[in-house]
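Here's target.pdb, which has PDB, C-alpha atoms, pLDDT in the B column:
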```pdb
ATOM      1  CA  SER C   1     104.856 127.012 111.439  1.00 40.00           C
ATOM      2  CA  GLN C   2     106.103 128.569 108.250  1.00 46.00           C
ATOM      3  CA  GLN C   3     108.831 131.157 108.459  1.00 58.00           C
ATOM      4  CA  GLY C   4     108.410 132.730 105.042  1.00 66.00           C
ATOM      5  CA  GLU C   5     105.259 133.823 103.319  1.00 81.00           C
ATOM      6  CA  GLU C   6     105.282 134.744  99.658  1.00 84.00           C
ATOM      7  CA  ASP C   7     103.168 137.329  97.980  1.00 85.00           C
ATOM      8  CA  PRO C   8     101.423 137.097  95.594  1.00 91.00           C
ATOM      9  CA  GLN C   9     100.360 133.457  95.631  1.00 91.00           C
ATOM     10  CA  ALA C  10     100.018 133.527  91.861  1.00 93.00           C
ATOM     11  CA  LEU C  11     101.286 135.862  89.161  1.00 95.00           C
ATOM     12  CA  SER C  12     100.576 135.906  85.434  1.00 96.00           C
ATOM     13  CA  ILE C  13     102.625 138.120  83.128  1.00 96.00           C
ATOM     14  CA  GLN C  14     103.501 138.476  79.462  1.00 97.00           C
ATOM     15  CA  GLU C  15     106.835 137.325  78.139  1.00 97.00           C
ATOM     16  CA  GLY C  16     109.352 140.154  78.313  1.00 97.00           C
ATOM     17  CA  GLU C  17     107.801 141.746  81.383  1.00 97.00           C
ATOM     18  CA  ASN C  18     109.415 141.794  84.804  1.00 97.00           C
ATOM     19  CA  ALA C  19     108.121 139.586  87.609  1.00 97.00           C
ATOM     20  CA  THR C  20     108.385 140.589  91.243  1.00 97.00           C
ATOM     21  CA  MET C  21     107.714 138.255  94.135  1.00 96.00           C
ATOM     22  CA  ASN C  22     107.847 139.163  97.799  1.00 96.00           C
ATOM     23  CA  CYS C  23     108.631 137.186 100.917  1.00 95.00           C
ATOM     24  CA  SER C  24     108.110 138.052 104.565  1.00 94.00           C
ATOM     25  CA  TYR C  25     109.504 136.178 107.525  1.00 92.00           C
ATOM     26  CA  LYS C  26     109.211 136.273 111.280  1.00 89.00           C
ATOM     27  CA  THR C  27     112.464 135.608 113.104  1.00 86.00           C
ATOM     28  CA  SER C  28     116.085 136.708 112.771  1.00 88.00           C
ATOM     29  CA  ILE C  29     117.860 134.930 109.971  1.00 89.00           C
ATOM     30  CA  ASN C  30     121.338 133.889 108.893  1.00 88.00           C
ATOM     31  CA  ASN C  31     120.414 133.997 105.233  1.00 90.00           C
ATOM     32  CA  LEU C  32     117.453 133.929 102.870  1.00 93.00           C
ATOM     33  CA  GLN C  33     117.308 131.790  99.759  1.00 94.00           C
ATOM     34  CA  TRP C  34     115.105 131.566  96.694  1.00 96.00           C
ATOM     35  CA  TYR C  35     114.271 128.331  94.904  1.00 96.00           C
ATOM     36  CA  ARG C  36     112.447 127.465  91.708  1.00 97.00           C
ATOM     37  CA  GLN C  37     110.307 124.384  91.183  1.00 96.00           C
ATOM     38  CA  ASN C  38     109.068 123.306  87.794  1.00 95.00           C
ATOM     39  CA  SER C  39     105.926 121.222  87.740  1.00 90.00           C
ATOM     40  CA  GLY C  40     106.557 117.694  88.993  1.00 86.00           C
ATOM     41  CA  ARG C  41     110.209 118.345  89.727  1.00 89.00           C
ATOM     42  CA  GLY C  42     112.452 118.996  92.708  1.00 91.00           C
ATOM     43  CA  LEU C  43     113.504 122.431  93.890  1.00 94.00           C
ATOM     44  CA  VAL C  44     116.455 124.199  92.347  1.00 94.00           C
ATOM     45  CA  HIS C  45     118.481 126.729  94.300  1.00 94.00           C
ATOM     46  CA  LEU C  46     118.543 130.143  92.584  1.00 96.00           C
ATOM     47  CA  ILE C  47     120.221 132.631  94.853  1.00 95.00           C
ATOM     48  CA  LEU C  48     121.230 133.193  98.472  1.00 94.00           C
ATOM     49  CA  ILE C  49     121.483 136.503 100.278  1.00 95.00           C
ATOM     50  CA  ARG C  50     123.084 136.795 103.691  1.00 92.00           C
ATOM     51  CA  SER C  51     121.604 138.851 106.504  1.00 92.00           C
ATOM     52  CA  ASN C  52     124.309 141.523 106.164  1.00 94.00           C
ATOM     53  CA  GLU C  53     123.648 141.978 102.443  1.00 96.00           C
ATOM     54  CA  ARG C  54     120.980 144.233 100.982  1.00 97.00           C
ATOM     55  CA  GLU C  55     120.987 143.317  97.313  1.00 98.00           C
ATOM     56  CA  LYS C  56     122.326 140.564  95.130  1.00 96.00           C
ATOM     57  CA  HIS C  57     122.260 139.844  91.403  1.00 96.00           C
ATOM     58  CA  SER C  58     122.559 136.675  89.384  1.00 94.00           C
ATOM     59  CA  GLY C  59     121.889 136.928  85.670  1.00 96.00           C
ATOM     60  CA  ARG C  60     118.295 138.131  85.266  1.00 97.00           C
ATOM     61  CA  LEU C  61     117.614 137.704  88.978  1.00 97.00           C
ATOM     62  CA  ARG C  62     117.782 140.478  91.527  1.00 98.00           C
ATOM     63  CA  VAL C  63     117.150 139.829  95.198  1.00 98.00           C
ATOM     64  CA  THR C  64     116.781 142.438  97.899  1.00 98.00           C
ATOM     65  CA  LEU C  65     116.681 141.943 101.639  1.00 97.00           C
ATOM     66  CA  ASP C  66     115.348 144.342 104.255  1.00 97.00           C
ATOM     67  CA  THR C  67     116.055 142.871 107.674  1.00 95.00           C
ATOM     68  CA  SER C  68     114.339 145.765 109.462  1.00 95.00           C
ATOM     69  CA  LYS C  69     111.088 144.859 107.721  1.00 95.00           C
ATOM     70  CA  LYS C  70     111.879 141.149 107.659  1.00 95.00           C
ATOM     71  CA  SER C  71     111.155 140.996 103.956  1.00 96.00           C
ATOM     72  CA  SER C  72     112.777 140.100 100.664  1.00 97.00           C
ATOM     73  CA  SER C  73     111.881 140.450  97.022  1.00 97.00           C
ATOM     74  CA  LEU C  74     112.864 138.484  93.944  1.00 97.00           C
ATOM     75  CA  LEU C  75     112.825 140.291  90.619  1.00 98.00           C
ATOM     76  CA  ILE C  76     113.060 138.372  87.356  1.00 98.00           C
ATOM     77  CA  THR C  77     113.740 140.741  84.495  1.00 98.00           C
ATOM     78  CA  ALA C  78     112.747 140.191  80.869  1.00 97.00           C
ATOM     79  CA  SER C  79     110.808 137.055  81.733  1.00 97.00           C
ATOM     80  CA  ARG C  80     110.607 134.081  79.404  1.00 97.00           C
ATOM     81  CA  ALA C  81     108.069 131.310  79.042  1.00 96.00           C
ATOM     82  CA  ALA C  82     110.695 128.975  80.526  1.00 96.00           C
ATOM     83  CA  ASP C  83     110.523 130.973  83.773  1.00 97.00           C
ATOM     84  CA  THR C  84     107.052 129.536  84.373  1.00 97.00           C
ATOM     85  CA  ALA C  85     107.396 127.726  87.697  1.00 97.00           C
ATOM     86  CA  SER C  86     106.735 128.041  91.402  1.00 95.00           C
ATOM     87  CA  TYR C  87     109.162 130.161  93.384  1.00 96.00           C
ATOM     88  CA  PHE C  88     109.846 129.671  97.069  1.00 95.00           C
ATOM     89  CA  CYS C  89     111.707 131.712  99.602  1.00 95.00           C
ATOM     90  CA  ALA C  90     113.403 129.920 102.463  1.00 93.00           C
ATOM     91  CA  THR C  91     115.141 131.193 105.555  1.00 92.00           C
ATOM     92  CA  LEU C  92     117.986 129.807 107.619  1.00 87.00           C
ATOM     93  CA  ARG C  93     117.467 130.984 111.159  1.00 80.00           C
ATOM     94  CA  MET C  94     120.028 132.553 113.468  1.00 71.00           C
ATOM     95  CA  ASP C  95     119.598 129.990 116.216  1.00 69.00           C
ATOM     96  CA  SER C  96     121.781 126.931 116.561  1.00 56.00           C
ATOM     97  CA  SER C  97     119.642 124.830 114.246  1.00 64.00           C
ATOM     98  CA  TYR C  98     120.473 124.387 110.589  1.00 68.00           C
ATOM     99  CA  LYS C  99     116.949 124.052 109.368  1.00 79.00           C
ATOM    100  CA  LEU C 100     115.820 125.753 106.187  1.00 86.00           C
ATOM    101  CA  ILE C 101     112.214 126.837 106.518  1.00 88.00           C
ATOM    102  CA  PHE C 102     110.151 127.395 103.378  1.00 91.00           C
ATOM    103  CA  GLY C 103     107.222 129.590 102.512  1.00 89.00           C
ATOM    104  CA  SER C 104     104.234 128.417 100.527  1.00 89.00           C
ATOM    105  CA  GLY C 105     105.447 129.786  97.206  1.00 92.00           C
ATOM    106  CA  THR C 106     104.408 131.990  94.297  1.00 94.00           C
ATOM    107  CA  ARG C 107     103.171 130.358  91.098  1.00 95.00           C
ATOM    108  CA  LEU C 108     104.466 132.311  88.130  1.00 97.00           C
ATOM    109  CA  LEU C 109     102.957 131.945  84.668  1.00 97.00           C
ATOM    110  CA  VAL C 110     104.753 133.661  81.817  1.00 97.00           C
ATOM    111  CA  ARG C 111     102.526 133.840  78.750  1.00 96.00           C
ATOM    112  CA  PRO C 112     104.259 133.666  75.358  1.00 92.00           C
TER     113      PRO C 112
ATOM    114  CA  ASP S   1     119.473 115.826  90.367  1.00 49.00           C
ATOM    115  CA  ALA S   2     123.172 115.159  90.332  1.00 61.00           C
ATOM    116  CA  GLY S   3     124.485 113.499  93.489  1.00 90.00           C
ATOM    117  CA  ILE S   4     121.173 112.757  95.174  1.00 94.00           C
ATOM    118  CA  THR S   5     118.585 110.150  94.300  1.00 96.00           C
ATOM    119  CA  GLN S   6     115.312 109.165  95.891  1.00 97.00           C
ATOM    120  CA  SER S   7     113.566 105.837  95.679  1.00 97.00           C
ATOM    121  CA  PRO S   8     110.956 104.878  94.868  1.00 97.00           C
ATOM    122  CA  ARG S   9     109.720 107.725  92.671  1.00 96.00           C
ATOM    123  CA  HIS S  10     106.102 106.695  93.101  1.00 97.00           C
ATOM    124  CA  LYS S  11     104.390 104.452  95.610  1.00 97.00           C
ATOM    125  CA  VAL S  12     100.840 103.509  96.476  1.00 97.00           C
ATOM    126  CA  THR S  13     100.327 101.832  99.805  1.00 97.00           C
ATOM    127  CA  GLU S  14      97.467 100.859 102.057  1.00 97.00           C
ATOM    128  CA  THR S  15      96.525 102.537 105.303  1.00 97.00           C
ATOM    129  CA  GLY S  16      98.261 100.962 108.280  1.00 97.00           C
ATOM    130  CA  THR S  17     101.232  99.549 106.412  1.00 97.00           C
ATOM    131  CA  PRO S  18     104.813 100.652 107.091  1.00 96.00           C
ATOM    132  CA  VAL S  19     106.606 102.424 104.268  1.00 97.00           C
ATOM    133  CA  THR S  20     110.268 103.312 103.878  1.00 98.00           C
ATOM    134  CA  LEU S  21     111.583 105.940 101.502  1.00 98.00           C
ATOM    135  CA  ARG S  22     115.244 106.101 100.643  1.00 98.00           C
ATOM    136  CA  CYS S  23     117.516 109.029  99.932  1.00 98.00           C
ATOM    137  CA  HIS S  24     120.980 108.298  98.598  1.00 97.00           C
ATOM    138  CA  GLN S  25     123.730 110.858  98.044  1.00 96.00           C
ATOM    139  CA  THR S  26     127.151 110.589  96.473  1.00 94.00           C
ATOM    140  CA  GLU S  27     128.388 113.986  97.677  1.00 86.00           C
ATOM    141  CA  ASN S  28     129.566 112.879 101.145  1.00 87.00           C
ATOM    142  CA  HIS S  29     127.647 115.723 102.785  1.00 87.00           C
ATOM    143  CA  ARG S  30     126.958 115.557 106.491  1.00 86.00           C
ATOM    144  CA  TYR S  31     123.605 117.274 106.451  1.00 90.00           C
ATOM    145  CA  MET S  32     120.511 115.608 105.034  1.00 94.00           C
ATOM    146  CA  TYR S  33     116.836 116.535 105.307  1.00 94.00           C
ATOM    147  CA  TRP S  34     113.397 115.122 104.616  1.00 97.00           C
ATOM    148  CA  TYR S  35     110.576 117.475 103.615  1.00 96.00           C
ATOM    149  CA  ARG S  36     107.017 116.910 102.565  1.00 97.00           C
ATOM    150  CA  GLN S  37     105.189 119.134 100.105  1.00 96.00           C
ATOM    151  CA  ASP S  38     101.446 119.632 100.137  1.00 93.00           C
ATOM    152  CA  PRO S  39      99.281 122.157  98.286  1.00 84.00           C
ATOM    153  CA  GLY S  40      99.049 125.408 100.218  1.00 74.00           C
ATOM    154  CA  HIS S  41     101.783 124.449 102.682  1.00 76.00           C
ATOM    155  CA  GLY S  42     104.978 124.699 100.717  1.00 84.00           C
ATOM    156  CA  LEU S  43     107.661 122.411 102.068  1.00 92.00           C
ATOM    157  CA  ARG S  44     107.625 121.345 105.676  1.00 93.00           C
ATOM    158  CA  LEU S  45     110.578 119.773 107.428  1.00 93.00           C
ATOM    159  CA  ILE S  46     110.000 116.275 108.807  1.00 96.00           C
ATOM    160  CA  HIS S  47     113.399 115.184 110.104  1.00 96.00           C
ATOM    161  CA  TYR S  48     116.996 116.079 109.498  1.00 93.00           C
ATOM    162  CA  SER S  49     120.428 114.623 110.152  1.00 93.00           C
ATOM    163  CA  TYR S  50     123.785 116.140 111.014  1.00 88.00           C
ATOM    164  CA  GLY S  51     125.670 112.915 110.455  1.00 90.00           C
ATOM    165  CA  VAL S  52     125.663 109.182 110.955  1.00 93.00           C
ATOM    166  CA  LYS S  53     123.249 108.237 113.737  1.00 91.00           C
ATOM    167  CA  ASP S  54     122.689 111.919 114.482  1.00 92.00           C
ATOM    168  CA  THR S  55     119.123 112.948 113.686  1.00 94.00           C
ATOM    169  CA  ASP S  56     116.535 115.381 114.962  1.00 92.00           C
ATOM    170  CA  LYS S  57     112.881 116.265 114.510  1.00 93.00           C
ATOM    171  CA  GLY S  58     111.481 118.943 112.273  1.00 91.00           C
ATOM    172  CA  GLU S  59     108.096 120.687 112.197  1.00 89.00           C
ATOM    173  CA  VAL S  60     105.940 117.694 111.260  1.00 94.00           C
ATOM    174  CA  SER S  61     107.689 114.618 112.638  1.00 95.00           C
ATOM    175  CA  ASP S  62     104.696 112.797 114.165  1.00 96.00           C
ATOM    176  CA  GLY S  63     104.180 109.421 112.491  1.00 96.00           C
ATOM    177  CA  TYR S  64     107.643 109.434 110.929  1.00 97.00           C
ATOM    178  CA  SER S  65     111.006 108.041 111.929  1.00 97.00           C
ATOM    179  CA  VAL S  66     114.397 108.231 110.270  1.00 97.00           C
ATOM    180  CA  SER S  67     117.653 106.379 110.292  1.00 97.00           C
ATOM    181  CA  ARG S  68     121.108 107.174 109.061  1.00 97.00           C
ATOM    182  CA  SER S  69     123.560 104.310 109.431  1.00 96.00           C
ATOM    183  CA  LYS S  70     125.792 105.489 106.584  1.00 95.00           C
ATOM    184  CA  THR S  71     126.724 108.964 105.390  1.00 94.00           C
ATOM    185  CA  GLU S  72     125.215 108.359 101.982  1.00 96.00           C
ATOM    186  CA  ASP S  73     121.800 107.023 103.015  1.00 97.00           C
ATOM    187  CA  PHE S  74     118.955 108.697 104.907  1.00 98.00           C
ATOM    188  CA  LEU S  75     115.820 106.609 105.318  1.00 98.00           C
ATOM    189  CA  LEU S  76     112.367 107.926 106.140  1.00 98.00           C
ATOM    190  CA  THR S  77     109.863 105.457 107.578  1.00 98.00           C
ATOM    191  CA  LEU S  78     106.145 105.931 107.954  1.00 97.00           C
ATOM    192  CA  GLU S  79     105.493 103.568 110.811  1.00 93.00           C
ATOM    193  CA  SER S  80     101.799 103.053 109.999  1.00 96.00           C
ATOM    194  CA  ALA S  81     100.780 104.993 106.913  1.00 97.00           C
ATOM    195  CA  THR S  82      97.670 107.186 107.074  1.00 97.00           C
ATOM    196  CA  SER S  83      95.821 109.064 104.330  1.00 97.00           C
ATOM    197  CA  SER S  84      97.109 112.358 105.759  1.00 96.00           C
ATOM    198  CA  GLN S  85     100.606 111.237 104.811  1.00 97.00           C
ATOM    199  CA  THR S  86      99.713 111.226 101.122  1.00 97.00           C
ATOM    200  CA  SER S  87     102.196 113.768  99.846  1.00 97.00           C
ATOM    201  CA  VAL S  88     105.299 114.382  97.807  1.00 97.00           C
ATOM    202  CA  TYR S  89     108.445 113.762  99.827  1.00 98.00           C
ATOM    203  CA  PHE S  90     111.712 115.483  99.069  1.00 97.00           C
ATOM    204  CA  CYS S  91     115.158 114.755 100.352  1.00 97.00           C
ATOM    205  CA  ALA S  92     117.831 117.447 100.425  1.00 95.00           C
ATOM    206  CA  ILE S  93     121.512 117.729 101.221  1.00 93.00           C
ATOM    207  CA  SER S  94     123.594 120.724 102.125  1.00 88.00           C
ATOM    208  CA  TYR S  95     127.265 121.616 102.170  1.00 77.00           C
ATOM    209  CA  PRO S  96     129.143 121.594 105.468  1.00 63.00           C
ATOM    210  CA  GLY S  97     129.658 125.342 105.338  1.00 60.00           C
ATOM    211  CA  GLN S  98     125.986 125.739 104.719  1.00 58.00           C
ATOM    212  CA  SER S  99     125.583 129.329 105.745  1.00 61.00           C
ATOM    213  CA  ASN S 100     126.748 130.306 102.265  1.00 69.00           C
ATOM    214  CA  TYR S 101     125.236 127.596 100.117  1.00 76.00           C
ATOM    215  CA  GLY S 102     121.803 126.421  99.161  1.00 87.00           C
ATOM    216  CA  TYR S 103     120.389 122.956  99.440  1.00 90.00           C
ATOM    217  CA  THR S 104     120.367 120.365  96.678  1.00 92.00           C
ATOM    218  CA  PHE S 105     117.083 118.525  96.351  1.00 94.00           C
ATOM    219  CA  GLY S 106     116.194 115.130  95.015  1.00 95.00           C
ATOM    220  CA  SER S 107     113.432 114.651  92.461  1.00 95.00           C
ATOM    221  CA  GLY S 108     110.898 113.572  95.041  1.00 96.00           C
ATOM    222  CA  THR S 109     108.775 110.544  95.916  1.00 97.00           C
ATOM    223  CA  ARG S 110     105.056 110.756  95.325  1.00 97.00           C
ATOM    224  CA  LEU S 111     103.343 108.671  97.998  1.00 98.00           C
ATOM    225  CA  THR S 112      99.662 107.828  97.943  1.00 97.00           C
ATOM    226  CA  VAL S 113      98.068 106.144 100.949  1.00 97.00           C
ATOM    227  CA  VAL S 114      94.729 104.517 100.133  1.00 96.00           C
TER     228      VAL S 114
END
```
Would you kindly transcribe this structure into structure tokens?
Amino acid sequence: SQQGEEDPQALSIQEGENATMNCSYKTSINNLQWYRQNSGRGLVHLILIRSNEREKHSGRLRVTLDTSKKSSSLLITASRAADTASYFCATLRMDSSYKLIFGSGTRLLVRP
Amino acid sequence: DAGITQSPRHKVTETGTPVTLRCHQTENHRYMYWYRQDPGHGLRLIHYSYGVKDTDKGEVSDGYSVSRSKTEDFLLTLESATSSQTSVYFCAISYPGQSNYGYTFGSGTRLTVV
């Protein structure tokens, strides 16, 4: 069963706009991660936020984590056409396993 | 992707035949993983390994086996390929102190079972 579920499934915005993607999960986590996947390629790690953190920044990326609501959001500011990709959240659970569980992803299209 | 390679990149095989996919890393990481990616399902974990000869099952392990005889190689075998195993397969590695680091993924193997 999937741990994370992204919302929306697809998002289309104009270049320069901000893109926000949300992720919900079910069980207690050690950390939550966001990945990007360009068409036909492997996944690339973007950012990791630990369960005791509430917000993290990396360049144009801003991630928030609300453990009480079991949710996270990824904000991409001033989007570019090159940001067009699928974005996945993934959670590392608190149990003794070291398995990263992925959601089904958000497809982002940034129109020039 | 630097440090991790998958082979083959593409394969077409017939139903009922065994197939082995290879993941090779040069990073000397203990942890390695096999995922499959299908439309609408994201990535699902098949098997993973904590070290040489130390493997365990993931969410969708039925019909798959793995072996890890060397740190650098993690093999995924479809014992008798079925059409439902048509998918893109990704290998990943993670750092020993993985609670603070993300995974590094290979470029994937696109497998078609006809």
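With distances restricted to all atoms listed in the file, S:Val60 is the closest residue to Ile46 (chain S) from S:Val60, S:Val113, S:Val88, S:Val19.
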Return as a PDB file with C-alpha atoms, in the coordinates of the input the set of residues that the PyMOL selection byres ((chain C) within 10 of (chain S)) yields on the displayed structure.
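Result written to out.pdb:
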```pdb
ATOM      1  CA  SER C   1     104.856 127.012 111.439  1.00 40.00           C
ATOM      2  CA  GLN C   2     106.103 128.569 108.250  1.00 46.00           C
ATOM      3  CA  GLY C   4     108.410 132.730 105.042  1.00 66.00           C
ATOM      4  CA  GLU C   5     105.259 133.823 103.319  1.00 81.00           C
ATOM      5  CA  GLN C   9     100.360 133.457  95.631  1.00 91.00           C
ATOM      6  CA  ASN C  30     121.338 133.889 108.893  1.00 88.00           C
ATOM      7  CA  ASN C  31     120.414 133.997 105.233  1.00 90.00           C
ATOM      8  CA  LEU C  32     117.453 133.929 102.870  1.00 93.00           C
ATOM      9  CA  GLN C  33     117.308 131.790  99.759  1.00 94.00           C
ATOM     10  CA  TRP C  34     115.105 131.566  96.694  1.00 96.00           C
ATOM     11  CA  TYR C  35     114.271 128.331  94.904  1.00 96.00           C
ATOM     12  CA  GLY C  40     106.557 117.694  88.993  1.00 86.00           C
ATOM     13  CA  ARG C  41     110.209 118.345  89.727  1.00 89.00           C
ATOM     14  CA  GLY C  42     112.452 118.996  92.708  1.00 91.00           C
ATOM     15  CA  LEU C  43     113.504 122.431  93.890  1.00 94.00           C
ATOM     16  CA  VAL C  44     116.455 124.199  92.347  1.00 94.00           C
ATOM     17  CA  HIS C  45     118.481 126.729  94.300  1.00 94.00           C
ATOM     18  CA  LEU C  46     118.543 130.143  92.584  1.00 96.00           C
ATOM     19  CA  ILE C  47     120.221 132.631  94.853  1.00 95.00           C
ATOM     20  CA  LEU C  48     121.230 133.193  98.472  1.00 94.00           C
ATOM     21  CA  ILE C  49     121.483 136.503 100.278  1.00 95.00           C
ATOM     22  CA  ARG C  50     123.084 136.795 103.691  1.00 92.00           C
ATOM     23  CA  PHE C  88     109.846 129.671  97.069  1.00 95.00           C
ATOM     24  CA  CYS C  89     111.707 131.712  99.602  1.00 95.00           C
ATOM     25  CA  ALA C  90     113.403 129.920 102.463  1.00 93.00           C
ATOM     26  CA  LEU C  92     117.986 129.807 107.619  1.00 87.00           C
ATOM     27  CA  ARG C  93     117.467 130.984 111.159  1.00 80.00           C
ATOM     28  CA  SER C  97     119.642 124.830 114.246  1.00 64.00           C
ATOM     29  CA  TYR C  98     120.473 124.387 110.589  1.00 68.00           C
ATOM     30  CA  LYS C  99     116.949 124.052 109.368  1.00 79.00           C
ATOM     31  CA  LEU C 100     115.820 125.753 106.187  1.00 86.00           C
ATOM     32  CA  ILE C 101     112.214 126.837 106.518  1.00 88.00           C
ATOM     33  CA  PHE C 102     110.151 127.395 103.378  1.00 91.00           C
ATOM     34  CA  GLY C 103     107.222 129.590 102.512  1.00 89.00           C
ATOM     35  CA  SER C 104     104.234 128.417 100.527  1.00 89.00           C
ATOM     36  CA  GLY C 105     105.447 129.786  97.206  1.00 92.00           C
ATOM     37  CA  THR C 106     104.408 131.990  94.297  1.00 94.00           C
TER      38      THR C 106
END
```
Q.
Here's a test: counting only C-alpha atoms, identify every protein, DNA and RNA residue with an atom at most 7 Å from (105.4, 107.0, 93.9) in the file's coordinate frame, and state them as an MDAnalysis selection string.
A. chainID S and resid 8:12 109:111
Q | Nearest candidate to Val63 (chain C) (options C:Tyr25, C:Tyr87, C:Thr20, C:Ala81; using only C-alpha atoms) | A | C:Thr20
Q | Local residues around (127.0, 113.4, 98.2), at most 10 Å away, using only C-alpha atoms, as a list in words | A | Ala2, Gly3, Ile4, Thr5, His24, Gln25, Thr26, Glu27, Asn28, His29, Arg30, Tyr31, Met32, Thr71, Glu72, Asp73, Ile93, Ser94, Tyr95 and Thr104 of chain S
Output C-alpha atoms of each residue in that selection to a file, as a PDB file, in the frame of the given file.
```pdb
ATOM      1  CA  ALA S   2     123.172 115.159  90.332  1.00 61.00           C
ATOM      2  CA  GLY S   3     124.485 113.499  93.489  1.00 90.00           C
ATOM      3  CA  ILE S   4     121.173 112.757  95.174  1.00 94.00           C
ATOM      4  CA  THR S   5     118.585 110.150  94.300  1.00 96.00           C
ATOM      5  CA  HIS S  24     120.980 108.298  98.598  1.00 97.00           C
ATOM      6  CA  GLN S  25     123.730 110.858  98.044  1.00 96.00           C
ATOM      7  CA  THR S  26     127.151 110.589  96.473  1.00 94.00           C
ATOM      8  CA  GLU S  27     128.388 113.986  97.677  1.00 86.00           C
ATOM      9  CA  ASN S  28     129.566 112.879 101.145  1.00 87.00           C
ATOM     10  CA  HIS S  29     127.647 115.723 102.785  1.00 87.00           C
ATOM     11  CA  ARG S  30     126.958 115.557 106.491  1.00 86.00           C
ATOM     12  CA  TYR S  31     123.605 117.274 106.451  1.00 90.00           C
ATOM     13  CA  MET S  32     120.511 115.608 105.034  1.00 94.00           C
ATOM     14  CA  THR S  71     126.724 108.964 105.390  1.00 94.00           C
ATOM     15  CA  GLU S  72     125.215 108.359 101.982  1.00 96.00           C
ATOM     16  CA  ASP S  73     121.800 107.023 103.015  1.00 97.00           C
ATOM     17  CA  ILE S  93     121.512 117.729 101.221  1.00 93.00           C
ATOM     18  CA  SER S  94     123.594 120.724 102.125  1.00 88.00           C
ATOM     19  CA  TYR S  95     127.265 121.616 102.170  1.00 77.00           C
ATOM     20  CA  THR S 104     120.367 120.365  96.678  1.00 92.00           C
TER      21      THR S 104
END
```
(Q) Neighbouring residues of Thr67 (chain C) were defined as those with any atom within 9 Å, considering only C-alpha atoms; residues of the same chain fewer than 2 positions away were excluded. Please report them as a list in words. (A)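 Skipping anything fewer than 2 positions along the chain leaves Ser28, Ile29, Ser51, Asn52, Arg54, Leu65, Lys69, Lys70, Ser71 and Ser72 of chain C.
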Prev. selection, C-alpha atoms, output as a PDB file, in the frame of the given file:
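Once written, again01.pdb looks like this:
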```
ATOM      1  CA  SER C  28     116.085 136.708 112.771  1.00 88.00           C
ATOM      2  CA  ILE C  29     117.860 134.930 109.971  1.00 89.00           C
ATOM      3  CA  SER C  51     121.604 138.851 106.504  1.00 92.00           C
ATOM      4  CA  ASN C  52     124.309 141.523 106.164  1.00 94.00           C
ATOM      5  CA  ARG C  54     120.980 144.233 100.982  1.00 97.00           C
ATOM      6  CA  LEU C  65     116.681 141.943 101.639  1.00 97.00           C
ATOM      7  CA  LYS C  69     111.088 144.859 107.721  1.00 95.00           C
ATOM      8  CA  LYS C  70     111.879 141.149 107.659  1.00 95.00           C
ATOM      9  CA  SER C  71     111.155 140.996 103.956  1.00 96.00           C
ATOM     10  CA  SER C  72     112.777 140.100 100.664  1.00 97.00           C
TER      11      SER C  72
END
```
Q: Evaluate the PyMOL selection byres ((chain S and resi 63) around 9) on the structure here and hand back the selected residues as a list in words.
A: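 Applied to this file, the PyMOL selection byres ((chain S and resi 63) around 9) returns Val60, Ser61, Asp62, Tyr64, Ser65, Thr77, Leu78, Glu79, Ser80, Ala81, Thr82 and Gln85 of chain S.
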(Q) For this structure, which residues satisfy the selection - the PyMOL selection byres ((chain C and resi 59) around 12) - when it is evaluated on the file as given? I want them as a list in words. (A)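 When the PyMOL selection byres ((chain C and resi 59) around 12) is applied to the shown file, the picked residues are Leu46, Ile47, Lys56, His57, Ser58, Arg60, Leu61, Arg62, Val63, Leu75, Ile76, Thr77, Ala78 and Ser79 of chain C.
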Preceding selection exported with C-alpha atoms as a CSV table (one decimal), keeping the file's coordinate frame:
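Heads up, here's the output in out.csv:
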```
chain,number,residue,atom,x,y,z
C,46,LEU,CA,118.5,130.1,92.6
C,47,ILE,CA,120.2,132.6,94.9
C,56,LYS,CA,122.3,140.6,95.1
C,57,HIS,CA,122.3,139.8,91.4
C,58,SER,CA,122.6,136.7,89.4
C,60,ARG,CA,118.3,138.1,85.3
C,61,LEU,CA,117.6,137.7,89.0
C,62,ARG,CA,117.8,140.5,91.5
C,63,VAL,CA,117.2,139.8,95.2
C,75,LEU,CA,112.8,140.3,90.6
C,76,ILE,CA,113.1,138.4,87.4
C,77,THR,CA,113.7,140.7,84.5
C,78,ALA,CA,112.7,140.2,80.9
C,79,SER,CA,110.8,137.1,81.7
```
Using 5 Å of padding on each side, determine the axis-aligned box around all atoms of region 7-23 of chain S present in the file and give its centre and edge lengths in Å to one decimal, as lines of an AutoDock Vina configuration file.
```
center_x = 107.0
center_y = 104.3
center_z = 100.5
size_x = 31.0
size_y = 19.5
size_z = 25.6
```
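Proximity to Ser39 (chain C) was assessed for C:Ala19, C:Leu108, C:Met94, C:Leu11 counting all atoms listed in the file; the smallest distance is recorded for C:Leu108.
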**Q.** Counting all atoms listed in the file, the residue of C:Asn38, C:Glu6, C:Arg107, C:Ser68 that sits nearest Cys23 (chain C)
**A.** C:Glu6
